[in-house]
$ cat upload_35.txt   # compact mmCIF, C-alpha atoms
# COMPACT_ATOMS: atom_id res chain seq x y z
CA MET C 1 0.00 0.00 0.00
CA MET C 2 2.80 2.35 0.93
CA GLY C 3 4.77 1.41 -2.16
CA ASP C 4 1.82 2.07 -4.40
CA ALA C 5 1.26 5.51 -2.87
CA ALA C 6 4.91 6.39 -3.36
CA ILE C 7 4.79 5.14 -6.95
CA ALA C 8 1.67 7.19 -7.62
CA VAL C 9 3.40 10.27 -6.27
CA MET C 10 6.45 9.54 -8.39
CA ALA C 11 4.31 8.95 -11.47
CA ALA C 12 2.45 12.22 -10.88
CA GLY C 13 5.78 13.96 -10.66
CA ALA C 14 7.02 12.17 -13.77
CA VAL C 15 4.12 13.45 -15.87
CA GLY C 16 5.44 16.93 -15.45
CA GLN C 17 8.99 16.37 -16.66
CA GLY C 18 10.30 19.22 -14.52
CA GLY C 19 10.00 18.07 -10.93
CA MET C 20 12.43 15.19 -11.00
CA PRO C 21 13.46 13.88 -7.61
CA PHE C 22 16.90 12.99 -8.97
CA GLY C 23 19.33 15.39 -10.50
CA SER C 24 20.98 12.96 -12.85
CA PRO C 25 20.29 13.73 -16.53
CA LEU C 26 20.19 10.00 -17.26
CA LEU C 27 17.32 9.54 -14.83
CA ALA C 28 15.64 12.70 -16.03
CA ALA C 29 15.59 11.34 -19.58
CA VAL C 30 13.52 8.32 -18.57
CA ASN C 31 9.79 8.52 -19.18
CA TRP C 32 8.78 7.39 -15.72
CA GLN C 33 5.13 6.95 -16.49
CA ALA C 34 5.91 4.61 -19.39
CA ALA C 35 8.47 2.76 -17.28
CA PHE C 36 6.07 2.18 -14.40
CA PHE C 37 3.33 1.29 -16.85
CA MET C 38 5.54 -1.37 -18.41
CA LEU C 39 6.41 -2.72 -14.95
CA PHE C 40 2.82 -2.98 -13.75
CA ALA C 41 1.51 -4.20 -17.11
CA ALA C 42 4.12 -6.94 -17.30
CA LEU C 43 3.37 -8.00 -13.71
CA ALA C 44 -0.40 -8.05 -14.28
CA CYS C 45 -0.22 -9.96 -17.55
CA ALA C 46 2.42 -12.45 -16.39
CA CYS C 47 0.53 -13.24 -13.19
CA ALA C 48 -2.77 -13.59 -15.09
CA VAL C 49 -1.12 -16.12 -17.40
CA ALA C 50 0.40 -17.82 -14.36
CA VAL C 51 -3.09 -18.20 -12.88
CA VAL C 52 -4.08 -20.11 -16.00
CA LEU C 53 -0.97 -22.26 -16.11
CA ALA C 54 -0.75 -23.13 -12.41
CA ASP C 55 -2.46 -26.32 -11.30
CA ASN C 56 -2.25 -25.75 -7.55
CA VAL C 57 -5.20 -23.75 -6.22
CA VAL C 58 -3.16 -22.00 -3.54
CA ARG C 59 -0.61 -20.78 -6.09
CA MET C 60 -3.43 -19.63 -8.36
CA ALA C 61 -4.81 -17.50 -5.53
CA PHE C 62 -1.37 -16.01 -4.88
CA TYR C 63 -0.84 -15.14 -8.55
CA LEU C 64 -4.32 -13.61 -8.65
CA VAL C 65 -3.43 -11.36 -5.72
CA LEU C 66 -0.32 -10.16 -7.56
CA SER C 67 -2.24 -9.60 -10.79
CA LEU C 68 -5.01 -7.59 -9.15
CA GLY C 69 -2.50 -5.55 -7.14
CA ALA C 70 -0.56 -4.68 -10.28
CA THR C 71 -3.83 -3.66 -11.92
CA ALA C 72 -4.42 -1.26 -9.04
CA GLY C 73 -1.05 0.26 -9.89
CA LEU C 74 -2.22 0.68 -13.49
CA PHE C 75 -5.31 2.49 -12.22
CA PHE C 76 -3.15 4.89 -10.24
CA LEU C 77 -1.06 5.55 -13.33
CA ALA C 78 -4.18 6.30 -15.36
CA GLY C 79 -5.20 8.98 -12.85
CA ALA C 80 -8.03 7.00 -11.28
CA ASP C 81 -6.77 7.22 -7.72
CA PHE C 82 -10.06 6.39 -6.00
CA ILE C 83 -10.67 3.35 -8.22
CA GLY C 84 -7.14 2.14 -7.54
CA ALA C 85 -7.66 2.44 -3.79
CA MET C 86 -10.99 0.63 -4.04
CA GLN C 87 -9.36 -2.08 -6.13
CA LEU C 88 -6.82 -2.63 -3.37
CA MET C 89 -9.34 -2.50 -0.54
CA ILE C 90 -12.27 -4.44 -2.01
CA TYR C 91 -10.63 -6.80 -4.51
CA VAL C 92 -7.29 -7.55 -2.93
CA GLY C 93 -8.41 -7.01 0.66
CA GLY C 94 -11.90 -8.46 0.50
CA THR C 95 -12.65 -10.70 -2.42
CA LEU C 96 -9.28 -12.40 -2.45
CA VAL C 97 -9.43 -13.08 1.29
CA LEU C 98 -12.83 -14.66 0.65
CA LEU C 99 -11.35 -16.80 -2.12
CA VAL C 100 -8.40 -17.82 0.03
CA PHE C 101 -10.82 -18.85 2.77
CA GLY C 102 -12.65 -20.94 0.20
CA VAL C 103 -9.38 -22.53 -0.84
CA MET C 104 -8.51 -23.33 2.75
CA LEU C 105 -11.95 -24.78 3.52
CA THR C 106 -11.91 -27.08 0.50
CA ALA C 107 -8.21 -27.84 0.21
CA GLN C 108 -8.35 -31.57 0.78
CA ALA C 109 -5.39 -33.37 -0.73
CA PRO C 110 -7.10 -34.68 -3.90
CA PHE C 111 -8.64 -31.30 -4.76
CA VAL C 112 -5.63 -29.02 -4.43
CA ALA C 113 -4.47 -29.86 -7.93
CA ILE C 114 -7.17 -31.12 -10.29
CA LYS C 115 -5.52 -31.35 -13.69
CA PRO C 116 -7.52 -30.75 -16.84
CA SER C 117 -7.06 -33.13 -19.73
CA SER C 118 -4.41 -32.16 -22.25
CA GLY C 119 -6.97 -32.10 -25.09
CA ASP C 120 -8.94 -29.46 -23.21
CA LYS C 121 -5.76 -27.48 -22.69
CA VAL C 122 -4.86 -27.48 -26.37
CA LEU C 123 -8.37 -26.54 -27.46
CA ALA C 124 -8.63 -23.75 -24.88
CA GLY C 125 -5.21 -22.47 -25.89
CA MET C 126 -6.28 -22.23 -29.52
CA VAL C 127 -9.53 -20.47 -28.67
CA GLY C 128 -7.69 -18.13 -26.30
CA ALA C 129 -5.11 -17.26 -28.97
CA ALA C 130 -7.85 -16.48 -31.48
CA LEU C 131 -9.71 -14.31 -28.96
CA LEU C 132 -6.53 -12.47 -28.00
CA ALA C 133 -5.70 -11.81 -31.66
CA VAL C 134 -9.15 -10.34 -32.31
CA LEU C 135 -8.99 -8.15 -29.20
CA LEU C 136 -5.47 -6.90 -29.98
CA GLN C 137 -6.43 -6.10 -33.54
CA ALA C 138 -9.41 -4.10 -32.25
CA ALA C 139 -7.15 -2.27 -29.79
CA PHE C 140 -4.76 -1.15 -32.54
CA ARG C 141 -7.46 -0.39 -35.08
CA VAL C 142 -8.52 3.08 -33.88
CA GLU C 143 -5.94 5.78 -34.53
CA ALA C 144 -7.17 8.11 -31.76
CA TRP C 145 -6.54 5.49 -29.10
CA ARG C 146 -2.82 5.71 -29.78
CA ARG C 147 -1.51 8.79 -28.07
CA PRO C 148 -0.31 11.51 -30.46
CA ALA C 149 3.31 12.31 -29.79
CA ALA C 150 2.83 16.08 -29.99
CA ALA C 151 0.31 16.17 -27.18
CA ALA C 152 2.52 14.08 -24.94
CA ALA C 153 4.83 17.04 -24.32
CA GLU C 154 2.21 19.01 -22.42
CA PRO C 155 1.16 17.08 -19.33
CA VAL C 156 -2.34 17.13 -17.96
CA ALA C 157 -2.69 18.25 -14.39
CA ALA C 158 -3.77 15.31 -12.25
CA ALA C 159 -7.11 16.01 -10.60
CA PRO C 160 -8.23 13.91 -7.62
CA SER C 161 -11.29 11.95 -8.59
CA ALA C 162 -12.73 11.02 -5.20
CA THR C 163 -14.86 14.13 -4.71
CA PRO C 164 -16.44 14.20 -8.21
CA LEU C 165 -17.12 10.46 -7.92
CA GLY C 166 -18.77 10.84 -4.53
CA MET C 167 -20.90 13.73 -5.78
CA ALA C 168 -21.88 11.70 -8.88
CA LEU C 169 -22.95 8.82 -6.64
CA LEU C 170 -25.14 11.31 -4.77
CA GLY C 171 -26.70 12.45 -8.04
CA ILE C 172 -24.82 15.72 -8.54
CA ARG C 173 -22.29 16.06 -11.36
CA VAL C 174 -19.47 18.47 -10.68
CA ASP C 175 -17.03 17.19 -13.31
CA GLU C 176 -16.57 18.58 -16.79
CA PRO C 177 -18.84 16.99 -19.38
CA PRO C 178 -17.03 15.08 -22.14
CA ALA C 179 -16.93 16.59 -25.60
CA GLY C 180 -20.08 16.12 -27.60
CA ALA C 181 -22.30 15.52 -24.59
CA VAL C 182 -25.80 16.83 -25.13
CA GLY C 183 -28.51 17.44 -22.56
CA THR C 184 -28.23 17.04 -18.82
CA ARG C 185 -26.25 14.18 -17.41
CA GLY C 186 -27.77 12.14 -14.65
CA GLY C 187 -25.97 11.05 -11.54
CA TYR C 188 -25.74 7.60 -10.10
CA LEU C 189 -28.05 7.86 -7.08
CA LEU C 190 -30.46 5.12 -8.17
CA PRO C 191 -27.74 2.60 -9.18
CA PHE C 192 -25.97 3.41 -5.92
CA GLU C 193 -29.07 2.54 -3.88
CA ILE C 194 -29.75 -0.58 -5.96
CA VAL C 195 -26.18 -1.76 -5.47
CA SER C 196 -26.31 -1.16 -1.73
CA VAL C 197 -29.52 -3.17 -1.31
CA HIS C 198 -28.09 -5.79 -3.65
CA LEU C 199 -25.01 -6.13 -1.47
CA LEU C 200 -27.16 -6.56 1.64
CA VAL C 201 -29.34 -9.21 0.00
CA VAL C 202 -26.30 -11.01 -1.38
CA LEU C 203 -24.50 -11.13 1.96
CA VAL C 204 -27.60 -12.39 3.78
CA GLY C 205 -28.09 -14.99 1.06
CA ALA C 206 -24.47 -16.07 1.19
CA ALA C 207 -24.62 -16.46 4.96
CA TYR C 208 -27.82 -18.51 4.54
CA LEU C 209 -26.33 -20.74 1.86
CA ALA C 210 -23.07 -21.40 3.66
CA ARG C 211 -24.47 -21.88 7.16
CA ALA C 212 -23.71 -24.99 9.12
CA LYS C 213 -26.82 -27.16 9.02
CA ARG C 214 -27.83 -29.91 11.41
CA ARG C 215 -28.22 -33.00 9.31
CA ARG C 216 -30.12 -36.18 9.83
CA THR C 217 -27.86 -37.94 7.37
CA PRO C 218 -24.09 -37.57 7.58
CA ARG C 219 -22.44 -35.15 5.22
CA ALA C 220 -21.04 -36.69 2.09
CA ILE C 221 -17.59 -35.47 3.07
CA ASP C 222 -17.79 -37.30 6.40
CA ALA C 223 -19.07 -40.43 4.70
CA ALA C 224 -16.25 -40.27 2.19
CA ALA C 225 -13.73 -39.77 4.98
CA SER C 226 -14.96 -42.77 6.91
CA MET C 227 -15.23 -44.97 3.85
CA VAL C 228 -12.04 -46.70 4.89
CA SER C 229 -13.40 -47.93 8.22
CA PRO C 230 -17.09 -48.97 8.10
CA GLN C 231 -17.29 -49.35 11.87
CA GLU C 232 -16.52 -45.70 12.36
CA ARG C 233 -19.13 -44.83 9.73
CA VAL C 234 -21.79 -46.65 11.75
CA GLY C 235 -20.71 -44.70 14.77
CA VAL C 236 -21.06 -41.38 12.96
CA ALA C 237 -24.44 -42.22 11.45
CA GLY C 238 -25.97 -43.59 14.60
CA GLY C 239 -24.77 -40.82 16.81
CA VAL C 240 -23.53 -43.33 19.39
CA PRO C 241 -20.38 -45.39 19.14
CA ALA C 242 -21.20 -48.82 17.82
CA ALA C 243 -20.65 -51.70 20.14
CA GLY C 244 -17.30 -53.24 19.45
CA GLY C 245 -16.11 -50.14 17.66
CA ARG C 246 -12.58 -49.04 18.32
CA ARG C 247 -12.76 -46.60 21.18
CA MET B 1 -14.32 -23.15 -35.69
CA SER B 2 -11.10 -23.96 -37.52
CA GLN B 3 -11.76 -20.99 -39.80
CA ALA B 4 -12.02 -18.70 -36.80
CA VAL B 5 -8.74 -20.03 -35.41
CA LEU B 6 -7.09 -19.59 -38.80
CA ALA B 7 -8.34 -16.01 -39.04
CA GLY B 8 -7.04 -15.42 -35.51
CA PHE B 9 -3.55 -16.56 -36.45
CA VAL B 10 -3.59 -14.45 -39.62
CA THR B 11 -4.47 -11.35 -37.60
CA ALA B 12 -1.87 -12.32 -35.00
CA ALA B 13 0.71 -12.22 -37.79
CA ALA B 14 -0.51 -8.74 -38.76
CA VAL B 15 -0.33 -7.36 -35.21
CA PRO B 16 3.47 -6.86 -35.06
CA THR B 17 3.27 -4.38 -37.94
CA PHE B 18 0.81 -2.37 -35.88
CA ALA B 19 2.99 -2.69 -32.80
CA ALA B 20 6.18 -1.55 -34.53
CA GLY B 21 6.17 1.97 -33.08
CA PHE B 22 4.14 0.89 -30.09
CA LEU B 23 6.80 0.40 -27.46
CA SER B 24 8.54 3.69 -28.15
CA ALA B 25 5.34 5.76 -27.98
CA PRO B 26 4.18 7.31 -24.71
CA VAL B 27 1.49 5.40 -22.86
CA GLY B 28 -1.91 5.73 -24.50
CA VAL B 29 -5.29 4.09 -24.39
CA ALA B 30 -4.10 1.31 -26.71
CA HIS B 31 -1.51 0.18 -24.15
CA TYR B 32 -4.22 -0.24 -21.54
CA LEU B 33 -6.44 -2.03 -24.05
CA VAL B 34 -3.66 -4.57 -24.63
CA VAL B 35 -3.40 -5.25 -20.89
CA GLY B 36 -7.17 -5.55 -20.66
CA ALA B 37 -7.22 -7.96 -23.59
CA VAL B 38 -4.57 -10.18 -21.99
CA LEU B 39 -6.40 -10.22 -18.64
CA PHE B 40 -9.72 -10.97 -20.35
CA THR B 41 -8.29 -13.81 -22.43
CA ALA B 42 -6.51 -15.32 -19.44
CA GLY B 43 -9.78 -15.19 -17.50
CA VAL B 44 -11.78 -16.84 -20.28
CA VAL B 45 -9.23 -19.63 -20.68
CA CYS B 46 -9.12 -20.05 -16.88
CA MET B 47 -12.92 -20.35 -16.74
CA VAL B 48 -12.95 -22.94 -19.52
CA VAL B 49 -9.98 -25.07 -18.48
CA LYS B 50 -10.08 -25.25 -14.69
CA ARG B 51 -11.98 -28.10 -13.12
CA ASN B 52 -11.74 -26.71 -9.60
CA ALA B 53 -14.78 -24.52 -8.88
CA LEU B 54 -12.56 -21.95 -7.18
CA GLY B 55 -10.38 -21.80 -10.31
CA VAL B 56 -13.46 -20.96 -12.36
CA LEU B 57 -14.24 -18.19 -9.84
CA MET B 58 -10.73 -16.79 -10.25
CA GLY B 59 -11.24 -16.75 -14.01
CA ILE B 60 -14.40 -14.69 -13.55
CA GLU B 61 -12.48 -12.22 -11.40
CA LEU B 62 -9.84 -11.87 -14.12
CA VAL B 63 -12.47 -11.23 -16.80
CA LEU B 64 -14.16 -8.51 -14.73
CA ASN B 65 -10.77 -6.98 -13.98
CA GLY B 66 -9.87 -6.83 -17.67
CA ALA B 67 -13.11 -5.01 -18.41
CA ASN B 68 -12.32 -2.60 -15.57
CA VAL B 69 -8.93 -1.78 -17.08
CA ASN B 70 -10.65 -0.76 -20.30
CA PHE B 71 -13.22 1.39 -18.48
CA VAL B 72 -10.55 3.23 -16.52
CA ALA B 73 -8.40 3.73 -19.62
CA PHE B 74 -11.25 5.30 -21.54
CA SER B 75 -12.14 7.56 -18.61
CA SER B 76 -8.64 9.00 -18.23
CA PRO B 77 -7.99 12.41 -19.80
CA ASP B 78 -4.25 11.92 -19.39
CA LEU B 79 -4.06 8.94 -21.72
CA ARG B 80 -5.72 10.82 -24.56
CA GLY B 81 -2.87 13.30 -24.76
CA GLY B 82 -4.84 16.27 -23.44
CA GLY B 83 -7.92 15.64 -25.53
CA PRO B 84 -11.28 15.03 -23.89
CA PRO B 85 -11.67 11.51 -22.55
CA ALA B 86 -14.18 9.23 -24.19
CA LEU B 87 -16.07 8.40 -21.04
CA GLY B 88 -15.10 10.97 -18.43
CA LEU B 89 -16.04 10.19 -14.88
CA ASP B 90 -18.72 7.74 -16.04
CA GLY B 91 -16.08 5.12 -16.77
CA GLN B 92 -14.73 5.35 -13.23
CA ALA B 93 -18.22 5.10 -11.74
CA ILE B 94 -18.94 2.01 -13.84
CA ALA B 95 -15.60 0.51 -12.76
CA LEU B 96 -16.61 1.09 -9.14
CA PHE B 97 -19.93 -0.70 -9.69
CA VAL B 98 -18.13 -3.57 -11.40
CA ILE B 99 -15.82 -3.98 -8.40
CA LEU B 100 -18.78 -4.02 -5.99
CA LEU B 101 -20.77 -6.51 -8.06
CA ALA B 102 -17.69 -8.74 -8.39
CA ALA B 103 -17.41 -8.80 -4.59
CA ALA B 104 -21.08 -9.74 -4.27
CA GLU B 105 -20.78 -12.42 -6.95
CA ALA B 106 -17.71 -13.89 -5.29
CA ALA B 107 -19.54 -14.14 -1.95
CA VAL B 108 -22.53 -15.98 -3.42
CA ALA B 109 -20.46 -18.24 -5.66
CA LEU B 110 -18.22 -19.16 -2.76
CA ALA B 111 -21.24 -20.03 -0.60
CA ILE B 112 -22.58 -22.23 -3.41
CA THR B 113 -19.19 -23.89 -3.76
CA LEU B 114 -19.00 -24.61 -0.03
CA ASN B 115 -22.51 -26.07 -0.12
CA PHE B 116 -21.58 -28.24 -3.08
CA TYR B 117 -18.44 -29.36 -1.28
CA ASN B 118 -20.40 -30.29 1.82
CA ASN B 119 -22.94 -32.29 -0.17
CA HIS B 120 -20.72 -33.96 -2.75
CA ALA B 121 -17.31 -34.07 -1.06
CA THR B 122 -15.63 -32.55 -4.10
CA VAL B 123 -15.08 -29.21 -5.79
CA ASP B 124 -14.70 -30.71 -9.26
CA VAL B 125 -17.21 -28.95 -11.50
CA ASP B 126 -17.30 -31.94 -13.85
CA ARG B 127 -18.99 -33.95 -11.09
CA ALA B 128 -21.83 -31.43 -10.78
CA ASP B 129 -24.01 -33.22 -13.29
CA GLU B 130 -27.10 -34.06 -11.26
CA LEU B 131 -29.28 -31.80 -13.38
CA LYS B 132 -28.05 -33.30 -16.62
CA GLY B 133 -30.99 -34.58 -18.66

$ encode --input "upload_35.txt" --output "structure tokens"
Amino acid sequence: MMGDAAIAVMAAGAVGQGGMPFGSPLLAAVNWQAAFFMLFAALACACAVAVVLADNVVRMAFYLVLSLGATAGLFFLAGADFIGAMQLMIYVGGTLVLLVFGVMLTAQAPFVAIKPSSGDKVLAGMVGAALLAVLLQAAFRVEAWRRPAAAAAEPVAAAPSATPLGMALLGIRVDEPPAGAVGTRGGYLLPFEIVSVHLLVVLVGAAYLARAKRRRTPRAIDAAASMVSPQERVGVAGGVPAAGGRR
Amino acid sequence: MSQAVLAGFVTAAAVPTFAAGFLSAPVGVAHYLVVGAVLFTAGVVCMVVKRNALGVLMGIELVLNGANVNFVAFSSPDLRGGGPPALGLDGQAIALFVILLAAAEAAVALAITLNFYNNHATVDVDRADELKG
């Protein structure tokens, strides 16, 4: 978290080529925003590919943490400071902890590494390559999406986005309208309320689904665990130790 | 399907000509779109290939994250070289909603996975075929 804040500060300073923290002309010649972008982009992409290639669930979760954290760095570099902070807090801090708990609760020895068949791997690799080629071609197709070199010399002042975002969520727009916008722009008060109620319903539903039930029949996991010793299975099902059972 | 794959490889061969002056240019929207495309593709392949239910969940997270990268890139005025951004603050608001909905989806999907694990003693999605006709 601290490192990301420092990097964001450095990147903000690097946009304006003047305020270099180092006096060396070699360091001043480096485009720091591009350098940090390449670092975070390489980390995010490599870890995303590692999630696909890893077979162990625990390693997949670790690579996913790295990938999402690097994406938060990309958000900071794009000037979306509030989204980057939310990415770190909600995704990396919340969702990933949830996933890691799921991994820990279900990490029995046979399920830690379930390998897909090699035919599936080859087919998915081909489909993935085709999809990636189409997406990359679309990304390079539009000329305006590539930054013109002339405009790169004059940096844009970084504006904090937390206050305009908060006002937009309350239904009041204080940010500049994009070019070509016609009419009044609405805020996000109704989606905000819908999402908040949605989160409440979802969390109550998740707690209901995952609650520990009292069962009349033993859980399948217990039955599978006691498959090796049928006497113990009788003891579990009957609720009392069977006579002659090993106690 | 083989035609689609063939077309994909043909376009993949054409991409390096587009990317010739790509690395030397300052960071623009296209750079972010490339990262988003890689994250999205990795997520889709992860969803398709993994047999562990939690692996499928991680693939979904990657897909949503790739879409978020694109939204943030289009909302940034800095990446357009001083020109007006395509989405403005709307892209950031949508990215925020996507993050929240991903958290909600992960909670419900994890509860379903735990329930499935308790009832079937496995997290292999290929064994979840009770509803198969």

$ closest_residue --input "upload_35.txt" --among "C:Trp145, C:Tyr91, C:Phe36, C:Phe75" --to "Ala30 of chain B" --atoms "only C-alpha atoms"
C:Trp145

$ residues_near_point --input "upload_35.txt" --point "(-19.9, -1.2, -9.1)" --cutoff "12 Å" --atoms "only C-alpha atoms" --output "VMD selection string"
(chain C and resid 83 86 to 87 90 to 91 169 188 191 to 196 198 to 199) or (chain B and resid 64 to 65 68 71 90 to 105)

$ write_last_selection --input "upload_35.txt" --atoms "C-alpha atoms" --output "compact mmCIF listing (two decimals), in the coordinates of the input"
# COMPACT_ATOMS: atom_id res chain seq x y z
CA ILE C 83 -10.67 3.35 -8.22
CA MET C 86 -10.99 0.63 -4.04
CA GLN C 87 -9.36 -2.08 -6.13
CA ILE C 90 -12.27 -4.44 -2.01
CA TYR C 91 -10.63 -6.80 -4.51
CA LEU C 169 -22.95 8.82 -6.64
CA TYR C 188 -25.74 7.60 -10.10
CA PRO C 191 -27.74 2.60 -9.18
CA PHE C 192 -25.97 3.41 -5.92
CA GLU C 193 -29.07 2.54 -3.88
CA ILE C 194 -29.75 -0.58 -5.96
CA VAL C 195 -26.18 -1.76 -5.47
CA SER C 196 -26.31 -1.16 -1.73
CA HIS C 198 -28.09 -5.79 -3.65
CA LEU C 199 -25.01 -6.13 -1.47
CA LEU B 64 -14.16 -8.51 -14.73
CA ASN B 65 -10.77 -6.98 -13.98
CA ASN B 68 -12.32 -2.60 -15.57
CA PHE B 71 -13.22 1.39 -18.48
CA ASP B 90 -18.72 7.74 -16.04
CA GLY B 91 -16.08 5.12 -16.77
CA GLN B 92 -14.73 5.35 -13.23
CA ALA B 93 -18.22 5.10 -11.74
CA ILE B 94 -18.94 2.01 -13.84
CA ALA B 95 -15.60 0.51 -12.76
CA LEU B 96 -16.61 1.09 -9.14
CA PHE B 97 -19.93 -0.70 -9.69
CA VAL B 98 -18.13 -3.57 -11.40
CA ILE B 99 -15.82 -3.98 -8.40
CA LEU B 100 -18.78 -4.02 -5.99
CA LEU B 101 -20.77 -6.51 -8.06
CA ALA B 102 -17.69 -8.74 -8.39
CA ALA B 103 -17.41 -8.80 -4.59
CA ALA B 104 -21.08 -9.74 -4.27
CA GLU B 105 -20.78 -12.42 -6.95

$ axis_aligned_box --input "upload_35.txt" --around "segment 28-46 of chain B" --padding-each-side "4 Å" --output "lines of an AutoDock Vina configuration file"
center_x = -6.6
center_y = -7.2
center_z = -21.8
size_x = 18.3
size_y = 33.8
size_z = 17.8

$ atom_distance --input "upload_35.txt" --atom1 "atom CA of Ala121 of chain B" --atom2 "atom CA of Val201 of chain C"
27.6 Å

$ closest_residue --input "upload_35.txt" --among "C:Leu170, C:Leu88, C:Leu132, C:Val122" --to "chain B" --atoms "all atoms listed in the file"
C:Leu132

$ residues_around --input "upload_35.txt" --residues "Val45 of chain B" --least-positions-apart "2" --cutoff "10 Å" --atoms "only C-alpha atoms" --output "list in words"
Val49, Val52, Leu53, Lys121, Leu123, Ala124, Gly125, Met126, Val127, Gly128, Ala129 and Leu131 of chain C; Phe40, Thr41, Ala42, Gly43, Met47, Val48, Val49, Lys50, Val56, Gly59 and Val63 of chain B

$ write_last_selection --input "upload_35.txt" --atoms "C-alpha atoms" --output "PDB file, keeping the file's coordinate frame"
ATOM      1  CA  VAL C  49      -1.120 -16.120 -17.400  1.00  0.00           C
ATOM      2  CA  VAL C  52      -4.080 -20.110 -16.000  1.00  0.00           C
ATOM      3  CA  LEU C  53      -0.970 -22.260 -16.110  1.00  0.00           C
ATOM      4  CA  LYS C 121      -5.760 -27.480 -22.690  1.00  0.00           C
ATOM      5  CA  LEU C 123      -8.370 -26.540 -27.460  1.00  0.00           C
ATOM      6  CA  ALA C 124      -8.630 -23.750 -24.880  1.00  0.00           C
ATOM      7  CA  GLY C 125      -5.210 -22.470 -25.890  1.00  0.00           C
ATOM      8  CA  MET C 126      -6.280 -22.230 -29.520  1.00  0.00           C
ATOM      9  CA  VAL C 127      -9.530 -20.470 -28.670  1.00  0.00           C
ATOM     10  CA  GLY C 128      -7.690 -18.130 -26.300  1.00  0.00           C
ATOM     11  CA  ALA C 129      -5.110 -17.260 -28.970  1.00  0.00           C
ATOM     12  CA  LEU C 131      -9.710 -14.310 -28.960  1.00  0.00           C
TER      13      LEU C 131
ATOM     14  CA  PHE B  40      -9.720 -10.970 -20.350  1.00  0.00           C
ATOM     15  CA  THR B  41      -8.290 -13.810 -22.430  1.00  0.00           C
ATOM     16  CA  ALA B  42      -6.510 -15.320 -19.440  1.00  0.00           C
ATOM     17  CA  GLY B  43      -9.780 -15.190 -17.500  1.00  0.00           C
ATOM     18  CA  MET B  47     -12.920 -20.350 -16.740  1.00  0.00           C
ATOM     19  CA  VAL B  48     -12.950 -22.940 -19.520  1.00  0.00           C
ATOM     20  CA  VAL B  49      -9.980 -25.070 -18.480  1.00  0.00           C
ATOM     21  CA  LYS B  50     -10.080 -25.250 -14.690  1.00  0.00           C
ATOM     22  CA  VAL B  56     -13.460 -20.960 -12.360  1.00  0.00           C
ATOM     23  CA  GLY B  59     -11.240 -16.750 -14.010  1.00  0.00           C
ATOM     24  CA  VAL B  63     -12.470 -11.230 -16.800  1.00  0.00           C
TER      25      VAL B  63
END

$ closest_residue --input "upload_35.txt" --among "C:Leu190, C:Ala41, C:Val204, C:Ala109" --to "chain B" --atoms "all atoms listed in the file"
C:Ala41

$ atom_distance --input "upload_35.txt" --atom1 "atom CA of Leu43 of chain C" --atom2 "atom CA of Gly94 of chain C"
20.9 Å

$ closest_residue --input "upload_35.txt" --among "C:Ala46, C:Leu209, C:Leu96, C:Leu189" --to "chain B" --atoms "only C-alpha atoms"
C:Leu209

$ atom_distance --input "upload_35.txt" --atom1 "atom CA of Leu99 of chain C" --atom2 "atom CA of Asn115 of chain B"
14.6 Å
